[in-house]
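Asks: The structure that follows is given in the form of structure tokens.
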Amino acid sequence: MKLINKFLNLLKYDSMKLPLDFNKSDYLELHPDVRSAGIDPKKHYLKFGIKENRQYKINPFYEESTKNDISNLLAKYNNSRPYQKNSFDLFQGSWSTRFKDEKGNFLTNCTFDGTNDSRLEWLFEKINLDNLKVLELGPLEGAHTLMMESKGANVTAIEANIGAFMRCLVVKNQFNLKSNFLLGDFNKMSLASDEYDLVLAFGVLYHMVNPVELLKKISVTSRKLFLWTHYFEENLELWNSKLKKQLEQKKWDYRNPEIYQFDNCPIRIIKQKYGHELGWSGFCGGLDNYSYWIVKEDLLELLKRLGYKKIQISFDSVTHQNGPAFCVFAEK
Ligand SMILES: C[S@@+](CC[C@H](N)C(=O)[O-])C[C@H]1O[C@@H](n2cnc3c(N)ncnc32)[C@H](O)[C@@H]1O
């Protein structure tokens with residue numbers, strides 16, 4: 001009888017449809033009780049999770065209620081004197097970038113001086129951006145968009161974080177930008193071959209669950225890539241001393257590197273988990289609560305194998321406060 005019941009149960013679960021975006025590892029991450037009980041996440045979700053309304057995907061921006069919440073929140077009036085700063089003040093406490101108006105008055109009072117970024121100045125020394133078609137991944141608040149547009153670039157910038165996207169629109173309005181900001185996940189974009197002259201991927205690669213796939217995609221659509229990213233440095237002695245404790249606490253799972261095979265070349269990727277930063281309204285990382293960092297040598301080898309023959313590195317800082325990082329200008 002027990003066996004028959006087991007068989008009937010199996011049939012029952014197989015015939016029930018899981019949500020298309022059901023994610024097994026997210027489910028286990030979200031529900032440690034399921035993990036420790038050793039139950040198959042799909043079966044658990046179908047048998048209990050649905051009834052208990054359990055979350056099955058880690059994705060704070062995709063919850064169904066988000067759209068309604070935003071509409072309700074925005075159905076309000078601002079009855080103060082019309083003033084440029086009002087739109088900036090809507091996001092008080094969430095801004096990361098310092099912006100000033102034409103008279104030099106602060107519109108936001110932040111530390112990141114993104115509109116005067118020396119890394120971008122380095123790019124401007126290398127190429128003329130006038131009339132170049134640029135794809136910018138994760139513009140945050142449009143500071144680099146503004147810098148590139150001031151050099152004549154036609155920028156399309158893709159931002160998935162709704163708050164950041166809206167702050168980009170505030171900036172676009174303030175500075176009369178013609179750049180186009182699109183809301184959505186750039187991993188889900190279909191990009192045609194050689195569609196862009198340049199891809200700017202600043203501060204995004206290390207937020208990816210699949211950074212190698214993203215680089216593959218970029219390499220198809222553009223012959224030039226300007227990257228700023230954290231990388232995984234194998235010599236842990238070289239890291240910033242403040243991060244050594246976090247290394248010990250396994251923020252980076254460096255003892256278990258995973259291998260991504262590309263073109264018969266093993267690319268080592270290290271899982272990284274976010275911490276308390278996830279709780280801040282201005283936090284703009286990736287769409288998941290973990291990501292993978294590529295080992296430095298493997299990242300450079302991968303770029304070569306993706307066809308980028310000329311690789312220039314600058315701003316390489318192994319002791320960076322958030323982890324080893326560098327700027328790479330890669331050209332085919
Ligand atoms: C660390 S910030 C970097 C911002 C800016 N590029 C810079 O260098 O200052 C990462 C940005 O990418 C956005 N982002 C991350 N993953 C994304 C995705 N899959 N699609 C679109 N935007 C994404 C985040 O919301 C955030 O604005």
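By convention here, the chains of the structure tokens are called A, B, ... in the order presented, each chain's residues are numbered starting at 1, and ligands are numbered starting at 1 in the order presented.
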Which residues form the shell of 8 Å around ligand 1 when you count only C-alpha atoms and all ligand atoms, given as a ChimeraX atom specification?
Replies: /A:114,136-144,158-162,164-165,183-188,200-204,207-208,228,283-287
Asks: Go ahead and save the picked residues with N, CA and C atoms, as a compact mmCIF listing (two decimals), in the first residue's frame.
Replies:
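File written: again-v2.txt
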```
# COMPACT_ATOMS: atom_id res chain seq x y z
N GLY A 114 30.76 60.65 -9.95
CA GLY A 114 30.70 59.87 -11.19
C GLY A 114 30.76 60.68 -12.46
N GLU A 136 25.52 50.92 -22.76
CA GLU A 136 26.00 51.00 -21.38
C GLU A 136 25.18 50.04 -20.51
N LEU A 137 25.88 49.18 -19.80
CA LEU A 137 25.18 48.20 -18.96
C LEU A 137 25.17 48.71 -17.52
N GLY A 138 23.97 48.81 -16.95
CA GLY A 138 23.86 49.23 -15.55
C GLY A 138 24.34 50.64 -15.28
N PRO A 139 23.66 51.66 -15.81
CA PRO A 139 24.14 53.05 -15.65
C PRO A 139 23.98 53.61 -14.23
N LEU A 140 23.25 52.92 -13.38
CA LEU A 140 22.96 53.36 -12.00
C LEU A 140 22.19 54.67 -11.98
N GLU A 141 22.94 55.82 -12.06
CA GLU A 141 22.23 57.11 -12.04
C GLU A 141 22.65 57.99 -13.22
N GLY A 142 23.26 57.34 -14.23
CA GLY A 142 23.53 58.03 -15.50
C GLY A 142 24.74 58.95 -15.49
N ALA A 143 25.61 58.86 -14.49
CA ALA A 143 26.77 59.76 -14.46
C ALA A 143 27.72 59.50 -15.64
N HIS A 144 27.98 58.23 -15.90
CA HIS A 144 28.88 57.91 -17.02
C HIS A 144 28.19 58.16 -18.36
N ILE A 158 21.02 50.36 -20.19
CA ILE A 158 20.02 49.40 -19.69
C ILE A 158 20.15 49.27 -18.17
N GLU A 159 19.08 49.57 -17.48
CA GLU A 159 19.10 49.54 -16.01
C GLU A 159 17.92 48.70 -15.50
N ALA A 160 18.21 47.74 -14.64
CA ALA A 160 17.14 46.85 -14.14
C ALA A 160 16.55 47.32 -12.82
N ASN A 161 17.31 48.07 -12.06
CA ASN A 161 16.80 48.50 -10.76
C ASN A 161 15.83 49.67 -10.98
N ILE A 162 14.61 49.49 -10.51
CA ILE A 162 13.56 50.46 -10.83
C ILE A 162 13.89 51.84 -10.26
N ALA A 164 16.87 53.06 -9.52
CA ALA A 164 18.00 53.61 -10.27
C ALA A 164 17.54 54.12 -11.63
N PHE A 165 16.67 53.35 -12.28
CA PHE A 165 16.16 53.76 -13.59
C PHE A 165 15.44 55.11 -13.47
N LEU A 183 14.48 50.24 -19.20
CA LEU A 183 14.32 49.49 -17.95
C LEU A 183 14.26 47.99 -18.26
N GLY A 184 15.11 47.21 -17.63
CA GLY A 184 15.06 45.77 -17.84
C GLY A 184 16.40 45.11 -17.58
N ASP A 185 16.42 43.81 -17.75
CA ASP A 185 17.61 42.98 -17.49
C ASP A 185 18.43 42.85 -18.77
N PHE A 186 19.64 43.38 -18.76
CA PHE A 186 20.43 43.32 -20.00
C PHE A 186 20.80 41.89 -20.40
N ASN A 187 20.74 40.96 -19.46
CA ASN A 187 21.03 39.56 -19.82
C ASN A 187 19.96 39.01 -20.77
N LYS A 188 18.80 39.64 -20.74
CA LYS A 188 17.69 39.14 -21.56
C LYS A 188 17.57 39.89 -22.89
N LEU A 200 30.06 49.64 -22.63
CA LEU A 200 30.62 50.06 -21.34
C LEU A 200 30.00 49.17 -20.26
N ALA A 201 30.84 48.36 -19.65
CA ALA A 201 30.35 47.46 -18.59
C ALA A 201 31.10 47.80 -17.32
N PHE A 202 30.61 48.82 -16.65
CA PHE A 202 31.28 49.32 -15.45
C PHE A 202 30.53 48.85 -14.22
N GLY A 203 31.21 48.07 -13.38
CA GLY A 203 30.60 47.68 -12.11
C GLY A 203 29.47 46.69 -12.26
N VAL A 204 29.47 45.90 -13.31
CA VAL A 204 28.37 44.95 -13.48
C VAL A 204 28.81 43.48 -13.52
N HIS A 207 28.64 41.30 -10.54
CA HIS A 207 27.30 41.13 -9.96
C HIS A 207 26.52 40.01 -10.68
N MET A 208 27.18 39.39 -11.66
CA MET A 208 26.46 38.42 -12.48
C MET A 208 26.53 37.00 -11.92
N TRP A 228 35.07 47.88 -16.14
CA TRP A 228 35.67 48.02 -14.80
C TRP A 228 35.00 46.96 -13.95
N PHE A 283 20.75 50.23 -2.68
CA PHE A 283 21.65 49.15 -3.12
C PHE A 283 21.32 48.75 -4.56
N CYS A 284 22.32 48.79 -5.41
CA CYS A 284 22.13 48.41 -6.81
C CYS A 284 23.24 47.46 -7.19
N GLY A 285 23.02 46.20 -6.94
CA GLY A 285 24.02 45.20 -7.33
C GLY A 285 23.46 44.44 -8.51
N GLY A 286 23.32 43.14 -8.32
CA GLY A 286 22.74 42.33 -9.38
C GLY A 286 21.31 41.97 -9.01
N LEU A 287 20.75 41.05 -9.80
CA LEU A 287 19.35 40.69 -9.57
C LEU A 287 19.20 39.53 -8.59
```
Asks: Could you give me, as a PyMOL selection string, the residues within 8 Å of Glu149 (chain A), counting only C-alpha atoms and dropping anything in the same chain fewer than 4 positions from it?
Replies: chain A and resi 145+153-155+177+179
Asks: Pull the helix (DSSP H, G or I) assignments for region 69-228 of chain A out of DSSP run on the backbone, and list those residues as a VMD selection string.
Replies: chain A and resid 69 to 74 85 to 89 114 to 116 118 to 126 143 to 150 162 to 174 186 to 188 205 to 207 211 to 221
Asks: Please provide the set of residues having any atom within 12 Å of Asn105 (chain A), restricted to only C-alpha atoms, with same-chain residues fewer than 6 positions apart removed, written as an NGL selection string.
Replies: :A and (84-85 or 98-99)
Asks: Which residues are near region 225-227 of chain A? Cut-off 8 Å, only C-alpha atoms, ignore same chain within fewer than 6 positions. Put them as a list of chain:residue names.
Replies: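 Neighbouring residues, sequence-local ones excluded: A:Leu123, A:Leu198, A:Val199, A:Leu200, A:Ala201, A:Phe202, A:Gly203, A:Ile218, A:Ser219, A:Cys327, A:Val328, A:Phe329, A:Ala330, A:Glu331.
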Asks: Using only C-alpha atoms, I'd like a table of the residues in region 63-164 of chain A that come within 12 Å of region 295-316 of chain A; for each, show the closest atom pair and its distance in Å rounded to one decimal, ordered by chain and ascending number, as JSON lines.
Replies:
```
{"residue": "A:Asp117", "atom": "CA", "partner": "A:Phe315", "partner_atom": "CA", "distance": 11.7}
{"residue": "A:Ser118", "atom": "CA", "partner": "A:Phe315", "partner_atom": "CA", "distance": 9.4}
{"residue": "A:Arg119", "atom": "CA", "partner": "A:Phe315", "partner_atom": "CA", "distance": 7.4}
{"residue": "A:Leu120", "atom": "CA", "partner": "A:Phe315", "partner_atom": "CA", "distance": 11.1}
{"residue": "A:Glu121", "atom": "CA", "partner": "A:Ser314", "partner_atom": "CA", "distance": 11.7}
{"residue": "A:Trp122", "atom": "CA", "partner": "A:Ser314", "partner_atom": "CA", "distance": 8.5}
{"residue": "A:Leu123", "atom": "CA", "partner": "A:Ser314", "partner_atom": "CA", "distance": 10.1}
{"residue": "A:Lys126", "atom": "CA", "partner": "A:Gln312", "partner_atom": "CA", "distance": 10.1}
```
Asks: Next, the residues of the selection above should be written as a short mmCIF file (atom, residue, chain, number, x, y, z; two decimals), in the first residue's frame with N, CA and C atoms.
Replies:
```
data_model
loop_
_atom_site.label_atom_id
_atom_site.label_comp_id
_atom_site.auth_asym_id
_atom_site.auth_seq_id
_atom_site.Cartn_x
_atom_site.Cartn_y
_atom_site.Cartn_z
N ASP A 117 34.79 61.10 -13.60
CA ASP A 117 35.45 59.83 -13.30
C ASP A 117 36.73 59.68 -14.13
N SER A 118 37.86 59.56 -13.45
CA SER A 118 39.15 59.51 -14.17
C SER A 118 39.27 58.24 -15.02
N ARG A 119 38.50 57.21 -14.68
CA ARG A 119 38.56 55.99 -15.50
C ARG A 119 37.97 56.27 -16.89
N LEU A 120 36.91 57.06 -16.92
CA LEU A 120 36.30 57.44 -18.20
C LEU A 120 37.23 58.38 -18.97
N GLU A 121 37.91 59.27 -18.23
CA GLU A 121 38.87 60.18 -18.89
C GLU A 121 39.94 59.36 -19.60
N TRP A 122 40.33 58.26 -18.98
CA TRP A 122 41.34 57.37 -19.58
C TRP A 122 40.81 56.80 -20.91
N LEU A 123 39.52 56.45 -20.92
CA LEU A 123 38.89 55.95 -22.15
C LEU A 123 38.91 57.05 -23.23
N LYS A 126 41.84 57.34 -25.23
CA LYS A 126 42.11 56.22 -26.16
C LYS A 126 41.27 56.30 -27.43
#
```
Asks: One decimal, Å: what's the distance from CA of Ser71 (chain A) over to CA of Leu182 (chain A), could you say?
Replies: 18.7 Å
Asks: Neighbouring residues of Pro41 (chain A) were defined as those with any atom within 10 Å, considering only C-alpha atoms; residues of the same chain fewer than 2 positions away were excluded. Please report them as a list in words.
Replies: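 Listed by chain and then number, they are Phe22, Asn23, Lys24, Ser25, Asp26, Tyr27, Leu28, His31, Val34, Arg35, Gly38, Ile39, Lys43, His44, Tyr45, Leu46, Lys47, Gly49 and Tyr56 of chain A.
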Asks: Convert the current residue selection to file output with C-alpha atoms, as a PDB file, in the first residue's frame.
Replies:
```pdb
ATOM      1  CA  PHE A  22      10.941  28.039 -10.550  1.00  0.00           C
ATOM      2  CA  ASN A  23      14.521  28.025  -9.333  1.00  0.00           C
ATOM      3  CA  LYS A  24      15.651  25.006  -7.302  1.00  0.00           C
ATOM      4  CA  SER A  25      18.725  26.575  -5.757  1.00  0.00           C
ATOM      5  CA  ASP A  26      16.878  29.811  -4.890  1.00  0.00           C
ATOM      6  CA  TYR A  27      14.174  27.753  -3.196  1.00  0.00           C
ATOM      7  CA  LEU A  28      16.732  25.951  -1.045  1.00  0.00           C
ATOM      8  CA  HIS A  31      14.024  27.923   2.853  1.00  0.00           C
ATOM      9  CA  VAL A  34      13.702  22.355   3.149  1.00  0.00           C
ATOM     10  CA  ARG A  35      17.437  22.116   2.617  1.00  0.00           C
ATOM     11  CA  GLY A  38      16.886  16.937   2.328  1.00  0.00           C
ATOM     12  CA  ILE A  39      13.593  17.119   0.402  1.00  0.00           C
ATOM     13  CA  LYS A  43       8.327  18.248  -4.735  1.00  0.00           C
ATOM     14  CA  HIS A  44       8.322  20.352  -1.588  1.00  0.00           C
ATOM     15  CA  TYR A  45       7.048  23.378  -3.476  1.00  0.00           C
ATOM     16  CA  LEU A  46       4.243  21.440  -5.157  1.00  0.00           C
ATOM     17  CA  LYS A  47       3.173  19.683  -1.991  1.00  0.00           C
ATOM     18  CA  GLY A  49       5.169  25.604  -0.843  1.00  0.00           C
ATOM     19  CA  TYR A  56      10.541  30.293  -4.986  1.00  0.00           C
TER      20      TYR A  56
END
```
Asks: When you count only C-alpha atoms, which of these residues is closest to Asp89 (chain A): A:Met147, A:Thr111, A:Arg167, A:Ala157?
Replies: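 For Asp89 (chain A), the nearest of the candidates is A:Arg167.
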